[in-house]
Amino acid sequence: MRGEEEFSPSPRLGPPERTSLRQRSLQYLSGEIISALGSIPLLACCFATGLTDGTLYNGNTVFVALGTSGQNNKPFGWARSLCSIGCFTIGCLAFSRLHKLIGIGRLRRTLLFSFFLQTVFVVIAATIIQTGVVDGTYPSPRDPNDVEFLELAPIALLSLQAAGQIVNSRGLGVGEVPTVVITSLLCDLVSDEGLLNPLRENANRNRRAVAFVLTLLGAICGGWISKWTGAVQPSLWFVAAIKAAITSPGCT
């Protein structure tokens, strides 16, 4: 009997539990993104903002004021600016509420879904111009006095996606890279008390400087692309590709 006890086989241990693909996906999407990594897609968005031409958003308040007082030479130019301002405001409200609905802004699923929506907006805007619904010829051969209210559609969509960018920067805690407001970016950059600190001692300054350079570089590239192709939609497809790349899980 003692021999049987000594040589009795030990119970076999079962194979280690494997997490399912669904569980791994949920864990991945529920992970938080640290600010240092979260700044990378936002810096890419700075380049995208330059491509879409910053004049679409800058100075809109002034154009609205001049237009409503009859001092804007382009008929209903104020309506275009007002549409941009209004849609940007609505976009900020919608994306901020969406972040609260899905989870905090640092969650990977929040960031991916936000950039997915932004990609859709840009794709639709580029498609509207590509299909000829709105004339995308550059420079436009149309009489400046002609009013084309269909232009408001891509303007609205691009304003909405821009709102998503800046809400993402706030949600990720990277407010030093707003992605759409280059004037405040420059103000924060040059007024930084640690402006001349060594490279590794001021990460916020570094991100602001890179954001400014990328926005400027994007605007230059966007101008040359429009000049070479004679159209504005190639730049929009480029922006859509950047947004789609950010949306891919491997980039976040």
# chains A, B, ... in the order shown; residues from 1 in each chain; ligands from 1
>>> residues_around(residues="A:Phe113", least_positions_apart="5", cutoff="10 Å", atoms="only C-alpha atoms", output="PyMOL selection string")
chain A and resi 98-99+102+108+118-119+247
>>> residues_around(residues="A:Leu214", least_positions_apart="5", cutoff="9 Å", atoms="only C-alpha atoms", output="PDB file with N, CA, C and O atoms, in the first residue's frame")
ATOM      1  N   LEU A  43       0.456  65.773 -33.184  1.00  0.00           N
ATOM      2  CA  LEU A  43       1.437  66.457 -34.024  1.00  0.00           C
ATOM      3  C   LEU A  43       1.182  66.159 -35.502  1.00  0.00           C
ATOM      4  O   LEU A  43       1.346  67.035 -36.357  1.00  0.00           O
ATOM      5  N   ALA A  44       0.770  64.937 -35.792  1.00  0.00           N
ATOM      6  CA  ALA A  44       0.396  64.608 -37.173  1.00  0.00           C
ATOM      7  C   ALA A  44      -0.800  65.437 -37.611  1.00  0.00           C
ATOM      8  O   ALA A  44      -0.898  65.851 -38.774  1.00  0.00           O
ATOM      9  N   CYS A  45      -1.710  65.702 -36.677  1.00  0.00           N
ATOM     10  CA  CYS A  45      -2.883  66.524 -36.993  1.00  0.00           C
ATOM     11  C   CYS A  45      -2.488  67.973 -37.290  1.00  0.00           C
ATOM     12  O   CYS A  45      -3.186  68.664 -38.032  1.00  0.00           O
ATOM     13  N   CYS A  46      -1.399  68.440 -36.689  1.00  0.00           N
ATOM     14  CA  CYS A  46      -0.922  69.796 -36.992  1.00  0.00           C
ATOM     15  C   CYS A  46      -0.536  69.894 -38.463  1.00  0.00           C
ATOM     16  O   CYS A  46      -0.857  70.888 -39.134  1.00  0.00           O
ATOM     17  N   PHE A  47       0.142  68.883 -38.953  1.00  0.00           N
ATOM     18  CA  PHE A  47       0.486  68.851 -40.373  1.00  0.00           C
ATOM     19  C   PHE A  47      -0.777  68.791 -41.223  1.00  0.00           C
ATOM     20  O   PHE A  47      -0.878  69.473 -42.254  1.00  0.00           O
ATOM     21  N   ALA A  48      -1.766  68.009 -40.792  1.00  0.00           N
ATOM     22  CA  ALA A  48      -3.030  67.906 -41.519  1.00  0.00           C
ATOM     23  C   ALA A  48      -3.765  69.242 -41.539  1.00  0.00           C
ATOM     24  O   ALA A  48      -4.374  69.612 -42.550  1.00  0.00           O
ATOM     25  N   GLY A  50      -2.397  72.187 -41.503  1.00  0.00           N
ATOM     26  CA  GLY A  50      -1.730  73.005 -42.509  1.00  0.00           C
ATOM     27  C   GLY A  50      -2.177  72.640 -43.909  1.00  0.00           C
ATOM     28  O   GLY A  50      -2.385  73.515 -44.753  1.00  0.00           O
ATOM     29  N   ALA A 209       7.021  73.680 -30.365  1.00  0.00           N
ATOM     30  CA  ALA A 209       7.887  74.033 -31.488  1.00  0.00           C
ATOM     31  C   ALA A 209       7.671  73.089 -32.665  1.00  0.00           C
ATOM     32  O   ALA A 209       7.555  73.524 -33.820  1.00  0.00           O
ATOM     33  N   ALA A 219       1.028  73.624 -44.420  1.00  0.00           N
ATOM     34  CA  ALA A 219       0.448  74.689 -45.245  1.00  0.00           C
ATOM     35  C   ALA A 219       1.242  74.871 -46.538  1.00  0.00           C
ATOM     36  O   ALA A 219       0.661  75.071 -47.615  1.00  0.00           O
TER      37      ALA A 219
END
>>> residues_around(residues="A:Val134", least_positions_apart="6", cutoff="10 Å", atoms="only C-alpha atoms", output="PDB file with N, CA, C and O atoms, in the first residue's frame")
ATOM      1  N   ALA A 125     -16.062  65.059 -47.303  1.00  0.00           N
ATOM      2  CA  ALA A 125     -15.761  66.377 -47.872  1.00  0.00           C
ATOM      3  C   ALA A 125     -14.964  66.233 -49.163  1.00  0.00           C
ATOM      4  O   ALA A 125     -15.248  66.902 -50.165  1.00  0.00           O
ATOM      5  N   ALA A 126     -13.953  65.359 -49.157  1.00  0.00           N
ATOM      6  CA  ALA A 126     -13.144  65.151 -50.363  1.00  0.00           C
ATOM      7  C   ALA A 126     -13.972  64.540 -51.486  1.00  0.00           C
ATOM      8  O   ALA A 126     -13.797  64.889 -52.661  1.00  0.00           O
ATOM      9  N   THR A 127     -14.887  63.643 -51.138  1.00  0.00           N
ATOM     10  CA  THR A 127     -15.736  63.005 -52.144  1.00  0.00           C
ATOM     11  C   THR A 127     -16.680  64.010 -52.788  1.00  0.00           C
ATOM     12  O   THR A 127     -16.921  63.970 -54.007  1.00  0.00           O
ATOM     13  N   ILE A 128     -17.217  64.914 -51.988  1.00  0.00           N
ATOM     14  CA  ILE A 128     -18.118  65.949 -52.520  1.00  0.00           C
ATOM     15  C   ILE A 128     -17.403  66.770 -53.592  1.00  0.00           C
ATOM     16  O   ILE A 128     -17.973  67.086 -54.647  1.00  0.00           O
ATOM     17  N   GLU A 148     -22.222  80.147 -54.332  1.00  0.00           N
ATOM     18  CA  GLU A 148     -22.413  78.697 -54.388  1.00  0.00           C
ATOM     19  C   GLU A 148     -22.528  78.177 -52.956  1.00  0.00           C
ATOM     20  O   GLU A 148     -21.531  77.938 -52.283  1.00  0.00           O
ATOM     21  N   PHE A 149     -23.770  78.016 -52.502  1.00  0.00           N
ATOM     22  CA  PHE A 149     -23.974  77.621 -51.114  1.00  0.00           C
ATOM     23  C   PHE A 149     -23.612  76.163 -50.853  1.00  0.00           C
ATOM     24  O   PHE A 149     -23.483  75.754 -49.699  1.00  0.00           O
ATOM     25  N   LEU A 150     -23.444  75.371 -51.922  1.00  0.00           N
ATOM     26  CA  LEU A 150     -23.016  73.989 -51.727  1.00  0.00           C
ATOM     27  C   LEU A 150     -21.611  73.920 -51.136  1.00  0.00           C
ATOM     28  O   LEU A 150     -21.220  72.899 -50.563  1.00  0.00           O
ATOM     29  N   GLU A 151     -20.839  75.011 -51.269  1.00  0.00           N
ATOM     30  CA  GLU A 151     -19.501  75.043 -50.678  1.00  0.00           C
ATOM     31  C   GLU A 151     -19.549  74.905 -49.158  1.00  0.00           C
ATOM     32  O   GLU A 151     -18.554  74.531 -48.533  1.00  0.00           O
ATOM     33  N   LEU A 152     -20.696  75.207 -48.585  1.00  0.00           N
ATOM     34  CA  LEU A 152     -20.808  75.138 -47.133  1.00  0.00           C
ATOM     35  C   LEU A 152     -20.710  73.703 -46.629  1.00  0.00           C
ATOM     36  O   LEU A 152     -20.345  73.485 -45.471  1.00  0.00           O
ATOM     37  N   ALA A 153     -21.041  72.726 -47.468  1.00  0.00           N
ATOM     38  CA  ALA A 153     -21.015  71.322 -47.028  1.00  0.00           C
ATOM     39  C   ALA A 153     -19.605  70.871 -46.652  1.00  0.00           C
ATOM     40  O   ALA A 153     -19.387  70.406 -45.521  1.00  0.00           O
ATOM     41  N   PRO A 154     -18.606  70.973 -47.550  1.00  0.00           N
ATOM     42  CA  PRO A 154     -17.253  70.571 -47.134  1.00  0.00           C
ATOM     43  C   PRO A 154     -16.682  71.453 -46.040  1.00  0.00           C
ATOM     44  O   PRO A 154     -15.916  70.980 -45.192  1.00  0.00           O
TER      45      PRO A 154
END
>>> residues_around(residues="A:Ser114", least_positions_apart="5", cutoff="8 Å", atoms="only C-alpha atoms", output="PyMOL selection string")
chain A and resi 95+164+168
>>> atom_distance(atom1="atom CA of A:Leu112", atom2="atom CA of A:Leu236")
19.8 Å
>>> closest_residue(among="A:Ser25, A:Thr215, A:Ser169, A:Ser30", to="A:Arg109", atoms="only C-alpha atoms")
A:Ser30
>>> closest_residue(among="A:Ala240, A:Ala211, A:Val180, A:Ile124", to="A:Ala162", atoms="only C-alpha atoms")
A:Val180
>>> atom_distance(atom1="atom CA of A:Ile90", atom2="atom CA of A:Gln233")
24.3 Å
>>> residues_around(residues="A:Leu107", least_positions_apart="5", cutoff="8 Å", atoms="only C-alpha atoms", output="mmCIF file with N, CA and C atoms, in the first residue's frame")
data_model
loop_
_atom_site.group_PDB
_atom_site.id
_atom_site.type_symbol
_atom_site.label_atom_id
_atom_site.label_comp_id
_atom_site.auth_asym_id
_atom_site.auth_seq_id
_atom_site.Cartn_x
_atom_site.Cartn_y
_atom_site.Cartn_z
ATOM 1 N N LEU A 29 -8.471 48.171 -25.960
ATOM 2 C CA LEU A 29 -9.255 49.384 -26.177
ATOM 3 C C LEU A 29 -9.512 50.147 -24.884
ATOM 4 N N SER A 30 -9.467 49.454 -23.753
ATOM 5 C CA SER A 30 -9.709 50.106 -22.463
ATOM 6 C C SER A 30 -8.439 50.674 -21.851
ATOM 7 N N GLY A 31 -7.312 50.475 -22.517
ATOM 8 C CA GLY A 31 -6.054 50.994 -21.989
ATOM 9 C C GLY A 31 -5.973 52.511 -22.111
ATOM 10 N N GLU A 32 -5.226 53.117 -21.202
ATOM 11 C CA GLU A 32 -5.032 54.560 -21.222
ATOM 12 C C GLU A 32 -3.752 54.912 -21.975
ATOM 13 N N ILE A 33 -3.807 56.020 -22.678
ATOM 14 C CA ILE A 33 -2.664 56.493 -23.454
ATOM 15 C C ILE A 33 -1.976 57.608 -22.673
#
